[in-house]
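**Student:** So here's start.cif (mmCIF, C-alpha atoms).
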```
data_input
#
loop_
_atom_site.label_atom_id
_atom_site.label_comp_id
_atom_site.auth_asym_id
_atom_site.auth_seq_id
_atom_site.Cartn_x
_atom_site.Cartn_y
_atom_site.Cartn_z
CA MET M 1 89.89 -124.54 -13.47
CA SER M 2 87.37 -121.72 -13.46
CA ASP M 3 89.48 -119.84 -10.90
CA THR M 4 92.73 -120.27 -12.78
CA LEU M 5 94.59 -117.04 -13.38
CA PHE M 6 98.07 -117.16 -14.84
CA THR M 7 100.10 -115.51 -17.53
CA LEU M 8 100.44 -117.46 -20.76
CA ALA M 9 104.12 -117.32 -21.63
CA LEU M 10 104.34 -116.46 -25.32
CA GLU M 11 108.09 -116.92 -25.35
CA PRO M 12 109.22 -120.52 -25.77
CA PRO M 13 108.38 -122.87 -24.25
CA LEU M 14 104.67 -122.13 -24.69
CA ASP M 15 103.10 -123.45 -21.52
CA VAL M 16 100.12 -125.35 -22.96
CA ARG M 17 99.19 -128.99 -23.37
CA LEU M 18 97.92 -130.77 -26.45
CA GLY M 19 94.13 -131.01 -26.43
CA GLU M 20 93.67 -127.73 -24.53
CA ARG M 21 91.48 -125.06 -26.12
CA TYR M 22 91.78 -121.33 -25.56
CA TRP M 23 89.52 -118.52 -26.69
CA LEU M 24 90.40 -114.83 -26.82
CA VAL M 25 87.71 -112.25 -27.43
CA GLU M 26 89.11 -109.31 -29.36
CA TYR M 27 86.82 -106.86 -31.13
CA ASP M 28 89.43 -105.03 -33.17
CA GLU M 29 90.24 -106.83 -36.44
CA ILE M 30 93.85 -105.63 -36.69
CA ARG M 31 94.56 -106.67 -33.12
CA ARG M 32 92.87 -110.04 -33.79
CA ASP M 33 95.23 -110.65 -36.68
CA ASN M 34 98.21 -109.59 -34.59
CA TRP M 35 97.26 -111.99 -31.80
CA LEU M 36 96.89 -114.84 -34.27
CA ASP M 37 100.36 -114.02 -35.64
CA THR M 38 101.82 -113.91 -32.13
CA LEU M 39 100.22 -117.20 -31.09
CA ALA M 40 101.35 -118.89 -34.32
CA ARG M 41 104.91 -117.66 -33.76
CA ALA M 42 104.86 -118.96 -30.19
CA GLY M 43 103.54 -122.30 -31.41
CA LEU M 44 106.16 -122.53 -34.17
CA ALA M 45 108.94 -122.00 -31.65
CA LEU M 46 107.78 -125.08 -29.78
CA TRP M 47 106.50 -127.20 -32.67
CA PRO M 48 108.29 -126.14 -35.88
CA GLY M 49 106.26 -127.12 -38.93
CA ARG M 50 103.38 -128.38 -36.79
CA VAL M 51 101.33 -125.20 -36.55
CA ALA M 52 98.19 -124.79 -38.64
CA SER M 53 96.21 -121.65 -39.30
CA LEU M 54 92.50 -121.50 -40.09
CA ASP M 55 91.86 -118.05 -41.53
CA GLY M 56 88.46 -116.51 -42.10
CA THR M 57 88.93 -116.41 -45.86
CA GLY M 58 90.73 -119.75 -46.00
CA GLY M 59 94.14 -118.18 -46.49
CA LEU M 60 94.83 -120.10 -49.70
CA VAL M 61 97.30 -118.65 -52.18
CA ASN M 62 95.31 -117.52 -55.23
CA ASN M 63 97.94 -118.18 -57.85
CA LEU M 64 98.51 -121.79 -56.81
CA ARG M 65 96.16 -124.62 -57.73
CA VAL M 66 94.14 -126.00 -54.83
CA TRP M 67 96.19 -129.23 -54.65
CA GLU M 68 99.41 -127.27 -54.34
CA ASN M 69 97.87 -125.07 -51.66
CA LEU M 70 96.70 -128.07 -49.66
CA ILE M 71 99.99 -129.91 -49.64
CA LEU M 72 102.21 -126.83 -49.35
CA PRO M 73 102.79 -126.65 -45.56
CA ALA M 74 103.27 -130.41 -45.18
CA TRP M 75 105.51 -130.59 -48.25
CA TYR M 76 107.50 -127.53 -47.21
CA HIS M 77 108.18 -128.61 -43.65
CA HIS M 78 108.35 -132.37 -43.86
CA ALA M 79 109.23 -132.99 -47.54
CA GLU M 80 106.88 -135.97 -47.58
CA PRO M 81 106.74 -137.83 -50.91
CA LEU M 82 103.98 -136.55 -53.18
CA PRO M 83 102.20 -139.93 -53.60
CA ALA M 84 101.92 -140.24 -49.80
CA LEU M 85 100.55 -136.69 -49.54
CA GLU M 86 98.07 -137.40 -52.34
CA GLU M 87 96.85 -140.50 -50.56
CA SER M 88 96.44 -138.63 -47.24
CA LEU M 89 94.64 -135.82 -49.03
CA LEU M 90 92.12 -138.13 -50.69
CA ALA M 91 91.49 -139.79 -47.31
CA LEU M 92 90.79 -136.35 -45.80
CA PHE M 93 88.42 -135.48 -48.65
CA ALA M 94 86.60 -138.76 -47.99
CA GLU M 95 86.42 -137.91 -44.29
CA VAL M 96 84.46 -134.73 -45.04
CA GLY M 97 82.24 -136.57 -47.51
CA ILE M 98 83.78 -135.54 -50.82
CA GLU M 99 84.26 -138.35 -53.33
CA ALA M 100 87.58 -138.87 -55.11
CA GLU M 101 86.17 -137.73 -58.47
CA SER M 102 84.89 -134.42 -57.09
CA ALA M 103 88.09 -134.02 -55.07
CA VAL M 104 90.19 -134.22 -58.23
CA GLY M 105 88.05 -131.50 -59.84
CA ILE M 106 88.40 -129.26 -56.79
CA CYS M 107 92.14 -129.87 -56.55
CA GLN M 108 92.71 -128.77 -60.14
CA SER M 109 90.87 -125.48 -59.73
CA LEU M 110 92.20 -122.16 -58.49
CA PRO M 111 91.04 -120.93 -55.06
CA SER M 112 89.57 -117.77 -56.58
CA ALA M 113 87.13 -119.94 -58.52
CA LEU M 114 85.71 -121.35 -55.28
CA GLY M 115 83.22 -119.87 -52.85
CA ARG M 116 84.15 -118.70 -49.36
CA GLU M 117 82.69 -121.79 -47.70
CA ALA M 118 84.63 -124.14 -49.98
CA ARG M 119 87.85 -122.25 -49.27
CA GLN M 120 87.21 -122.50 -45.53
CA GLU M 121 86.62 -126.22 -45.89
CA LEU M 122 89.86 -126.61 -47.85
CA ALA M 123 91.69 -124.62 -45.18
CA LEU M 124 90.73 -127.34 -42.71
CA LEU M 125 92.07 -130.06 -45.02
CA ARG M 126 95.33 -128.14 -45.41
CA ALA M 127 95.58 -127.85 -41.64
CA ALA M 128 94.79 -131.53 -41.09
CA LEU M 129 97.46 -132.59 -43.58
CA THR M 130 100.17 -131.00 -41.41
CA ARG M 131 99.09 -133.10 -38.39
CA PRO M 132 99.28 -129.96 -36.24
CA CYS M 133 100.26 -129.69 -32.58
CA CYS M 134 98.97 -126.12 -32.49
CA ILE M 135 96.05 -124.58 -34.38
CA VAL M 136 95.38 -120.85 -34.51
CA ILE M 137 91.85 -120.06 -35.61
CA ASP M 138 90.26 -116.85 -36.76
CA GLY M 139 86.77 -116.42 -35.31
CA ASP M 140 85.42 -115.89 -38.85
CA TRP M 141 86.55 -119.41 -39.70
CA HIS M 142 85.15 -120.91 -36.50
CA THR M 143 81.61 -119.77 -37.39
CA PHE M 144 81.94 -121.87 -40.55
CA LEU M 145 81.60 -125.00 -38.36
CA ALA M 146 78.06 -123.96 -37.45
CA TYR M 147 76.35 -124.31 -40.79
CA GLY M 148 76.33 -125.87 -44.28
CA ARG M 149 79.53 -127.69 -45.24
CA GLY M 150 80.97 -126.83 -41.85
CA LEU M 151 78.73 -129.39 -40.20
CA ALA M 152 80.34 -132.14 -42.30
CA CYS M 153 83.75 -130.89 -41.21
CA ARG M 154 83.14 -130.85 -37.46
CA GLU M 155 84.22 -134.45 -36.94
CA LEU M 156 87.53 -133.88 -38.71
CA PHE M 157 88.04 -130.62 -36.83
CA ASP M 158 87.38 -132.29 -33.47
CA ARG M 159 89.80 -135.09 -34.37
CA ILE M 160 92.72 -132.79 -35.16
CA ALA M 161 91.85 -130.38 -32.35
CA ALA M 162 91.99 -133.22 -29.83
CA GLN M 163 95.69 -133.66 -30.61
CA ALA M 164 96.62 -129.99 -30.66
CA ALA M 165 96.60 -126.84 -28.58
CA VAL M 166 93.82 -124.74 -30.08
CA PHE M 167 93.71 -120.94 -29.95
CA VAL M 168 90.67 -119.10 -31.26
CA VAL M 169 90.70 -115.32 -31.54
CA ALA M 170 87.24 -114.00 -32.28
CA ALA M 171 85.06 -110.95 -31.91
CA TYR M 172 82.49 -113.01 -30.01
CA PRO M 173 82.57 -115.45 -27.06
CA PRO M 174 82.68 -119.19 -27.72
CA PRO M 175 79.40 -120.86 -28.67
CA SER M 176 80.26 -124.06 -26.76
CA THR M 177 81.97 -124.93 -23.48
CA GLY M 178 85.46 -126.35 -23.12
CA PHE M 179 87.43 -123.21 -23.94
CA GLN M 180 89.74 -121.56 -21.42
CA ARG M 181 89.39 -117.80 -21.39
CA LEU M 182 92.30 -115.74 -22.63
CA GLU M 183 92.50 -112.07 -21.81
CA ALA M 184 94.88 -109.55 -23.30
CA VAL M 185 96.73 -107.57 -20.65
CA ASP M 186 98.59 -105.48 -23.19
CA ALA M 187 99.76 -105.89 -26.77
CA SER M 188 102.15 -108.69 -25.88
CA GLN M 189 100.76 -110.44 -22.82
CA LEU M 190 97.90 -112.86 -22.36
CA ILE M 191 96.49 -114.28 -19.17
CA VAL M 192 94.40 -117.39 -18.77
CA SER M 193 91.44 -116.63 -16.53
CA GLY M 194 89.11 -119.53 -16.04
CA THR M 195 86.80 -121.02 -18.59
CA HIS M 196 84.26 -119.48 -20.90
CA GLU M 197 80.60 -120.13 -20.37
CA ALA M 198 78.81 -121.26 -23.51
CA THR M 199 76.72 -118.62 -25.21
CA GLU M 200 74.37 -119.79 -27.95
CA GLY M 201 75.34 -123.27 -29.07
CA TYR M 202 75.79 -124.22 -32.71
CA MET J 1 121.72 -104.55 -48.58
CA ARG J 2 119.33 -105.01 -45.65
CA PHE J 3 117.09 -106.92 -48.04
CA LEU J 4 119.84 -108.86 -49.84
CA LEU J 5 121.33 -110.52 -46.77
CA PRO J 6 118.21 -112.56 -45.92
CA VAL J 7 117.98 -113.64 -49.59
CA ILE J 8 121.57 -114.88 -49.61
CA SER J 9 121.30 -116.51 -46.19
CA SER J 10 118.09 -118.22 -47.23
CA LEU J 11 119.85 -120.14 -50.03
CA PHE J 12 119.65 -123.08 -47.64
CA GLU J 13 115.88 -123.04 -48.26
CA LEU J 14 116.55 -124.60 -51.65
CA ARG J 15 116.65 -127.96 -49.90
CA ARG J 16 112.86 -127.79 -49.65
CA PRO J 17 110.97 -129.26 -52.64
CA PRO J 18 108.28 -126.51 -52.85
CA VAL J 19 111.00 -123.83 -53.03
CA ARG J 20 112.72 -125.70 -55.87
CA ARG J 21 109.35 -125.99 -57.62
CA VAL J 22 108.80 -122.21 -57.43
CA LEU J 23 112.34 -121.71 -58.74
CA LEU J 24 111.72 -123.95 -61.75
CA LYS J 25 108.37 -122.28 -62.42
CA GLN J 26 110.04 -118.87 -62.33
CA ILE J 27 112.74 -119.98 -64.77
CA TYR J 28 110.01 -121.39 -67.02
CA PHE J 29 107.82 -118.26 -66.94
CA THR J 30 110.66 -115.78 -67.25
CA GLY J 31 112.98 -117.78 -69.47
CA ASN J 32 111.08 -120.28 -71.55
CA GLU J 33 108.02 -118.14 -72.23
CA ALA J 34 110.17 -115.18 -73.26
CA ALA J 35 112.51 -117.24 -75.44
CA TRP J 36 110.60 -116.70 -78.70
CA ILE J 37 110.26 -112.97 -78.05
CA MET J 38 114.00 -112.78 -77.41
CA LEU J 39 114.85 -114.74 -80.55
CA LEU J 40 112.68 -112.43 -82.61
CA LEU J 41 114.02 -109.27 -80.98
CA GLY J 42 117.60 -110.47 -81.35
CA PHE J 43 117.11 -111.33 -85.01
CA ALA J 44 115.55 -107.91 -85.69
CA LEU J 45 118.23 -106.14 -83.67
CA GLY J 46 121.02 -107.85 -85.61
CA GLY J 47 119.39 -106.95 -88.90
CA ILE J 48 118.80 -103.31 -87.93
CA VAL J 49 122.34 -102.75 -86.65
CA VAL J 50 123.99 -104.42 -89.65
CA SER J 51 121.82 -102.65 -92.19
CA GLN J 52 122.59 -99.27 -90.59
CA LEU J 53 126.33 -99.98 -90.49
CA HIS J 54 126.39 -101.43 -93.96
CA ASP J 55 124.22 -98.87 -95.73
CA GLN J 56 124.94 -95.61 -93.93
CA TYR J 57 128.54 -96.00 -92.86
CA GLY J 58 129.71 -98.21 -95.70
CA GLN J 59 131.19 -100.89 -93.49
CA SER J 60 132.35 -104.14 -95.05
CA ARG J 61 130.41 -107.28 -94.16
CA GLU J 62 133.12 -108.47 -91.84
CA ALA J 63 133.51 -105.11 -90.11
CA ALA J 64 129.75 -104.83 -89.73
CA MET J 65 129.59 -108.29 -88.14
CA ARG J 66 132.52 -107.45 -85.86
CA LEU J 67 130.86 -104.22 -84.70
CA LEU J 68 127.56 -106.00 -84.24
CA ALA J 69 129.23 -108.61 -82.02
CA ALA J 70 130.91 -105.95 -79.88
CA LEU J 71 127.72 -103.88 -79.59
CA SER J 72 125.32 -106.71 -78.94
CA PHE J 73 127.40 -108.84 -76.56
CA ARG J 74 128.76 -105.90 -74.56
CA GLU J 75 125.87 -103.47 -74.48
CA LEU J 76 122.64 -103.93 -76.38
CA THR J 77 121.79 -107.49 -75.43
CA PRO J 78 122.05 -107.19 -71.62
CA LEU J 79 120.17 -103.90 -71.73
CA MET J 80 117.43 -105.35 -73.89
CA VAL J 81 117.14 -108.41 -71.64
CA GLY J 82 116.79 -106.07 -68.68
CA LEU J 83 114.05 -104.09 -70.43
CA VAL J 84 112.08 -107.14 -71.53
CA LEU J 85 112.40 -108.70 -68.09
CA ILE J 86 111.16 -105.55 -66.39
CA ALA J 87 108.22 -105.27 -68.77
CA ARG J 88 107.23 -108.94 -68.55
CA SER J 89 108.34 -110.32 -65.20
CA SER J 90 109.07 -107.50 -62.75
CA SER J 91 105.59 -106.06 -63.07
CA ALA J 92 104.07 -109.56 -62.71
CA VAL J 93 106.17 -110.42 -59.66
CA ALA J 94 105.49 -107.10 -57.92
CA SER J 95 101.72 -107.28 -58.48
CA GLU J 96 101.66 -110.97 -57.47
CA LEU J 97 103.44 -110.31 -54.16
CA ALA J 98 101.43 -107.15 -53.49
CA SER J 99 98.24 -109.10 -54.12
CA MET J 100 99.35 -111.83 -51.71
CA ARG J 101 100.01 -109.19 -49.09
CA VAL J 102 96.71 -107.40 -49.63
CA HIS J 103 94.67 -110.61 -49.47
CA GLY J 104 96.38 -111.92 -46.33
CA GLU J 105 97.97 -114.90 -48.11
CA LEU J 106 101.42 -113.86 -46.95
CA ARG J 107 100.23 -113.73 -43.38
CA SER J 108 98.70 -117.16 -43.66
CA LEU J 109 101.94 -118.63 -45.02
CA MET J 110 103.89 -117.07 -42.15
CA ARG J 111 101.50 -118.55 -39.61
CA TYR J 112 102.31 -121.95 -41.09
CA GLY J 113 105.99 -121.18 -40.57
CA ILE J 114 106.69 -120.73 -44.28
CA ASP J 115 109.45 -118.15 -44.64
CA PRO J 116 108.35 -115.51 -47.20
CA VAL J 117 111.94 -114.70 -48.14
CA GLY J 118 112.87 -118.36 -48.61
CA TYR J 119 109.67 -119.43 -50.34
CA LEU J 120 108.67 -116.31 -52.31
CA VAL J 121 111.68 -114.02 -52.79
CA LEU J 122 114.64 -116.38 -53.17
CA PRO J 123 113.22 -118.54 -55.99
CA ARG J 124 111.96 -115.48 -57.87
CA VAL J 125 115.27 -113.64 -57.63
CA LEU J 126 117.31 -116.73 -58.46
CA GLY J 127 114.93 -117.81 -61.23
CA MET J 128 114.91 -114.40 -62.92
CA THR J 129 118.69 -114.12 -62.63
CA VAL J 130 119.25 -117.53 -64.23
CA ALA J 131 116.64 -116.83 -66.91
CA ALA J 132 118.15 -113.40 -67.67
CA THR J 133 121.60 -114.94 -68.11
CA LEU J 134 120.34 -117.59 -70.52
CA LEU J 135 118.14 -115.13 -72.40
CA GLY J 136 121.05 -112.70 -72.72
CA PHE J 137 123.23 -115.32 -74.38
CA MET J 138 120.39 -116.41 -76.64
CA LEU J 139 119.55 -112.86 -77.65
CA ALA J 140 123.19 -112.12 -78.51
CA LEU J 141 123.45 -115.26 -80.65
CA SER J 142 120.16 -114.44 -82.30
CA ALA J 143 121.41 -110.92 -83.08
CA GLN J 144 124.49 -112.43 -84.74
CA LEU J 145 122.24 -114.70 -86.77
CA GLY J 146 120.04 -111.75 -87.77
CA GLY J 147 123.09 -109.74 -88.74
CA ALA J 148 124.52 -112.61 -90.77
CA PHE J 149 121.19 -113.05 -92.55
CA PHE J 150 121.05 -109.38 -93.54
CA VAL J 151 124.69 -109.40 -94.63
CA THR J 152 124.73 -112.54 -96.75
CA GLY J 153 121.14 -113.55 -97.36
CA VAL J 154 119.72 -117.01 -96.66
CA ASP J 155 123.05 -118.87 -96.67
CA VAL J 156 124.45 -117.75 -93.34
CA THR J 157 126.65 -120.79 -92.74
CA TYR J 158 129.92 -119.06 -93.65
CA GLN J 159 129.25 -116.04 -91.41
CA LEU J 160 128.24 -118.24 -88.49
CA PHE J 161 131.39 -120.36 -88.82
CA GLN J 162 133.38 -117.12 -88.71
CA MET J 163 131.77 -116.11 -85.44
CA ASP J 164 134.72 -117.19 -83.30
CA ARG J 165 136.72 -114.41 -85.00
CA PHE J 166 134.28 -111.71 -83.85
CA VAL J 167 133.17 -113.02 -80.50
CA THR J 168 135.75 -113.36 -77.74
CA PRO J 169 135.29 -115.20 -74.42
CA ALA J 170 135.53 -111.82 -72.65
CA MET J 171 132.57 -110.52 -74.65
CA VAL J 172 130.53 -113.58 -73.72
CA GLY J 173 131.53 -113.12 -70.09
CA ILE J 174 130.42 -109.49 -70.12
CA CYS J 175 127.14 -110.42 -71.80
CA LEU J 176 126.38 -113.14 -69.23
CA GLY J 177 127.55 -111.07 -66.28
CA LYS J 178 125.59 -107.96 -67.22
CA SER J 179 122.44 -109.92 -68.06
CA ALA J 180 122.66 -111.72 -64.71
CA LEU J 181 123.22 -108.43 -62.85
CA PHE J 182 120.26 -106.74 -64.53
CA GLY J 183 118.04 -109.77 -63.91
CA PHE J 184 119.10 -109.89 -60.27
CA ALA J 185 118.57 -106.16 -59.77
CA ALA J 186 115.17 -106.08 -61.49
CA SER J 187 113.87 -109.13 -59.62
CA THR J 188 115.11 -108.00 -56.21
CA LEU J 189 113.55 -104.59 -56.72
CA ALA J 190 110.26 -106.14 -57.87
CA CYS J 191 110.14 -108.32 -54.74
CA VAL J 192 110.92 -105.39 -52.44
CA VAL J 193 108.26 -103.23 -54.07
CA GLY J 194 105.69 -106.05 -53.98
CA LEU J 195 106.30 -106.97 -50.36
CA ARG J 196 106.32 -103.36 -49.20
CA ALA J 197 102.92 -102.61 -50.69
CA LYS J 198 100.35 -101.37 -48.21
CA SER J 199 97.30 -103.51 -47.47
CA TYR J 200 94.92 -101.85 -49.91
CA VAL J 201 93.71 -103.28 -53.21
CA THR J 202 94.68 -100.03 -54.96
CA GLU J 203 98.31 -100.77 -54.03
CA ILE J 204 98.51 -103.74 -56.44
CA PRO J 205 98.64 -101.76 -59.72
CA LYS J 206 100.81 -99.14 -58.00
CA ALA J 207 103.32 -101.81 -57.02
CA SER J 208 103.40 -103.09 -60.58
CA SER J 209 103.98 -99.61 -61.97
CA ARG J 210 106.64 -98.83 -59.36
CA ALA J 211 108.51 -102.03 -60.17
CA VAL J 212 108.65 -101.09 -63.86
CA VAL J 213 109.67 -97.44 -63.44
CA ARG J 214 112.21 -98.03 -60.66
CA GLY J 215 113.49 -101.13 -62.45
CA LEU J 216 114.20 -99.12 -65.60
CA VAL J 217 116.04 -96.44 -63.64
CA LEU J 218 118.03 -99.05 -61.72
CA VAL J 219 119.07 -101.02 -64.82
CA PHE J 220 120.19 -97.90 -66.69
CA LEU J 221 122.09 -96.64 -63.64
CA LEU J 222 123.82 -99.99 -63.22
CA ASP J 223 124.73 -99.99 -66.89
CA LEU J 224 126.16 -96.50 -66.56
CA ILE J 225 128.18 -97.51 -63.50
CA TRP J 226 129.46 -100.60 -65.37
CA ALA J 227 130.47 -98.40 -68.34
CA VAL J 228 132.28 -95.92 -66.09
CA MET J 229 134.06 -98.64 -64.12
CA SER J 230 135.23 -100.67 -67.12
#
```
For the structure just supplied, provide its representation as C-alpha cells.
**Tutor:**
Amino acid sequence: MSDTLFTLALEPPLDVRLGERYWLVEYDEIRRDNWLDTLARAGLALWPGRVASLDGTGGLVNNLRVWENLILPAWYHHAEPLPALEESLLALFAEVGIEAESAVGICQSLPSALGREARQELALLRAALTRPCCIVIDGDWHTFLAYGRGLACRELFDRIAAQAAVFVVAAYPPPSTGFQRLEAVDASQLIVSGTHEATEGY
Amino acid sequence: MRFLLPVISSLFELRRPPVRRVLLKQIYFTGNEAAWIMLLLGFALGGIVVSQLHDQYGQSREAAMRLLAALSFRELTPLMVGLVLIARSSSAVASELASMRVHGELRSLMRYGIDPVGYLVLPRVLGMTVAATLLGFMLALSAQLGGAFFVTGVDVTYQLFQMDRFVTPAMVGICLGKSALFGFAASTLACVVGLRAKSYVTEIPKASSRAVVRGLVLVFLLDLIWAVMS
C-alpha cells in the first residue's frame, strides 16, 4: 500500500471504501476549507445525507438550540421521528460519559454559551447521529481527540470512523498510523500516495 | 431573477420537517410578535387620518370613513407593513445570515448536504411574505377600528357594521397583494444581502444596514411602479 499512487476521482463515484482513512496536509487555511468542501461534495454525490463534517469550531449554528443543531442533519435528510432521534441522542451522550440530566441541560443551551471543546464534542455527536458513510474532518477538530474531553470521545469516533470513509485535512501530518497520504496536484485533483508515517502519537 | 429561480424551485424542500419548522418560526417572529405593534399602529393611523379629514377638511363621518378605507387598504397599510417589516425583520434576517456566513456555519451546513436556499432562504422568504399579508389585513382592519373610534367614540358597533359599504373586495385584494409583494421583496433582498456578505465580522452590521436602506428604496419603488401601472 505504501507504494500506491493513483488519482482520487472527486467526481462520482468517489473511489474509496468504507473504513479507509485519508489525510491531506495543507498549510493554507483557505485551501484547507476548500478541500473539505470539495471532499464533502464528492461524498454527498455518492452517499446523499450520509456525509458528516467535523469542523474546528464545531460548526454549530449559533441561533439554534444545541438539541436542534444535533438532530438537524439527520432530521433534514432522513426525517426520522423526533422521539427516535431523542433516544439515539441520549444514547450517544451516554457513550461519551454524559448523564441524561446533564445532557438535557446542554441540549437546551445555545452553542455560543458553550466552550470550544464542548462544541467540538457536540459536533461529534451530531456527526454520529447521521450514521455517516463519509466524514470530512478539519485538522483543528482532530487535535481535540488528543486531550481533555476528546479522550472520552475517541471510542465513539473510532466506532463511526470504522464504518465510513474518513478524510482529514490538516496543517500537520497525522499523529497515528493508518492514514493514506493524499497530495494535492492542483486545486481540483488529489492523488493517493502511500501511507503516512506516524509523527508524535496522541 | 437569478436568485429567485432557486427559491421557487426549492419549494419542494418544504417536504422536510426542519424546513417547515423554520417557516413556522419565521411566521411567528415576523407575524405574531409584530401583531401588537401593528394593531397599535393601525389604530393610531385610523385615528390620525380621520381626525385630519374630519377637522381640517370638514368631511362627514361617513365620508371620512370611506376615505380612510380607500387610503388604508390601497396605500397606507401595505406601505406601513413594508416599513415595519424592514425595520424589524429584514435587518434581523440579513445580520443572521451574514453572521452564519462569517462564522462558517453556512459552510458546515453545506458540507452536511443541507441546501442553504432550501433551508435558510425559502422559509424566511415564504414566512415573511405570509406574515406580511396577514399583518397587512390586520393593520387595515385596525385602522378602520381606530377611525371608527375617533368618529363615534366608544360605541363603534354601528360604524363597524357599516364597513361592508366602504370596503370592497377589490380593496382587500389590493391590500393583501401589495403587502405580500412588499414582504416578498424585503425578505428576498435581506437574504441576498445577508448571504453575499464578505467573511469579516465587520460585514454583519453592514449587511443589516444595507438590508434596511435597500429594502426601503425597493418597497417605495415597487409602490411607485404599482401606482403607475394601476
**Student:** Could you spell out the hits of the PyMOL selection byres ((chain M and resi 103-108) around 12) on the shown file, as a PyMOL selection string?
**Tutor:** chain M and resi 64-71+86-87+89-102+109-115+118-119+121-122+125-126
**Student:** Using only C-alpha atoms and a distance of at most 6 Å, pull out the residues of chain M that contact chain J, as a VMD selection string.
**Tutor:** chain M and resid 40 51 to 52 59 61 76
**Student:** Residues within 9 Å of range 188-204 of chain J, please, as an MDAnalysis selection string. Count all atoms listed in the file; anything in the same chain fewer than 2 positions from it doesn't count.
**Tutor:** chainID J and resid 3:4 86 89:104 120:122 124:125 183:186 206:212 214:215 218
**Student:** Tell me which of J:Gln162, J:Gly147, J:Ala170, J:Leu224 sits closest to Ala44 in chain J, counting only C-alpha atoms.
**Tutor:**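 Closest to Ala44 in chain J, using only C-alpha atoms: J:Gly147.
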**Student:** Which distance in Å separates CA of Phe167 in chain M and CA of Ser88 in chain M, to one decimal?
**Tutor:**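 Interatomic distance, CA of Phe167 in chain M to CA of Ser88 in chain M: 24.9 Å.
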**Student:** So what does the PyMOL selection byres ((chain M and resi 46) around 12) actually pick up in this one, as a ChimeraX atom specification?
**Tutor:** /M:9-18,39-45,47-51,132-134,165 /J:113
**Student:** Store the residues picked out above in a file with C-alpha atoms, as a JSON list (two decimals), in the frame of the given file.
**Tutor:**
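So the final result, stored in out27.json, reads:
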```json
[["chain", "number", "residue", "atom", "x", "y", "z"],
["M", 9, "ALA", "CA", 104.12, -117.32, -21.63],
["M", 10, "LEU", "CA", 104.34, -116.46, -25.32],
["M", 11, "GLU", "CA", 108.09, -116.92, -25.35],
["M", 12, "PRO", "CA", 109.22, -120.52, -25.77],
["M", 13, "PRO", "CA", 108.38, -122.87, -24.25],
["M", 14, "LEU", "CA", 104.67, -122.13, -24.69],
["M", 15, "ASP", "CA", 103.10, -123.45, -21.52],
["M", 16, "VAL", "CA", 100.12, -125.35, -22.96],
["M", 17, "ARG", "CA", 99.19, -128.99, -23.37],
["M", 18, "LEU", "CA", 97.92, -130.77, -26.45],
["M", 39, "LEU", "CA", 100.22, -117.20, -31.09],
["M", 40, "ALA", "CA", 101.35, -118.89, -34.32],
["M", 41, "ARG", "CA", 104.91, -117.66, -33.76],
["M", 42, "ALA", "CA", 104.86, -118.96, -30.19],
["M", 43, "GLY", "CA", 103.54, -122.30, -31.41],
["M", 44, "LEU", "CA", 106.16, -122.53, -34.17],
["M", 45, "ALA", "CA", 108.94, -122.00, -31.65],
["M", 47, "TRP", "CA", 106.50, -127.20, -32.67],
["M", 48, "PRO", "CA", 108.29, -126.14, -35.88],
["M", 49, "GLY", "CA", 106.26, -127.12, -38.93],
["M", 50, "ARG", "CA", 103.38, -128.38, -36.79],
["M", 51, "VAL", "CA", 101.33, -125.20, -36.55],
["M", 132, "PRO", "CA", 99.28, -129.96, -36.24],
["M", 133, "CYS", "CA", 100.26, -129.69, -32.58],
["M", 134, "CYS", "CA", 98.97, -126.12, -32.49],
["M", 165, "ALA", "CA", 96.60, -126.84, -28.58],
["J", 113, "GLY", "CA", 105.99, -121.18, -40.57]]
```
**Student:** If we count all atoms listed in the file and set the cut-off at 8 Å, which residues sit around Met128 in chain J, ignoring sequence neighbours fewer than 5 positions away in its own chain? Please answer as a list in words.
**Tutor:**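 Near Met128 in chain J, the qualifying residues are Gln26, Ile27, Thr30, Gly31, Gly183, Phe184 and Ser187 of chain J.
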**Student:** Grab the residues selected above and save them as a PDB file, keeping the file's coordinate frame with C-alpha atoms.
**Tutor:**
```pdb
ATOM      1  CA  GLN J  26     110.040-118.870 -62.330  1.00  0.00           C
ATOM      2  CA  ILE J  27     112.740-119.980 -64.770  1.00  0.00           C
ATOM      3  CA  THR J  30     110.660-115.780 -67.250  1.00  0.00           C
ATOM      4  CA  GLY J  31     112.980-117.780 -69.470  1.00  0.00           C
ATOM      5  CA  GLY J 183     118.040-109.770 -63.910  1.00  0.00           C
ATOM      6  CA  PHE J 184     119.100-109.890 -60.270  1.00  0.00           C
ATOM      7  CA  SER J 187     113.870-109.130 -59.620  1.00  0.00           C
TER       8      SER J 187
END
```
**Student:** Pick out the closest residue to Glu80 in chain M from this set: M:Thr130, M:Ser193, M:Thr177, M:Gln163. Count all atoms listed in the file.
**Tutor:** M:Thr130
**Student:** Using all atoms listed in the file for the distances, tell me which of J:Val172, J:Leu39, J:Leu79, J:Val50 is nearest to Phe220 in chain J.
**Tutor:**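 Among J:Val172, J:Leu39, J:Leu79, J:Val50, it is J:Leu79 that comes nearest to Phe220 in chain J.
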**Student:** CA of Gln120 in chain M and CA of Pro73 in chain M, how far apart in Å?
**Tutor:**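 About the pair CA of Pro73 in chain M and CA of Gln120 in chain M: they are 16.1 Å apart.
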**Student:** Report the residues retrieved by the PyMOL selection byres ((chain M and resi 140) around 10) from the displayed file, expressed as a VMD selection string.
**Tutor:** chain M and resid 54 to 58 120 137 to 139 141 to 145 168 to 172
**Student:** To one decimal in Å, tell me the separation between CA of Lys178 in chain J and CA of Phe12 in chain J.
**Tutor:** 25.4 Å
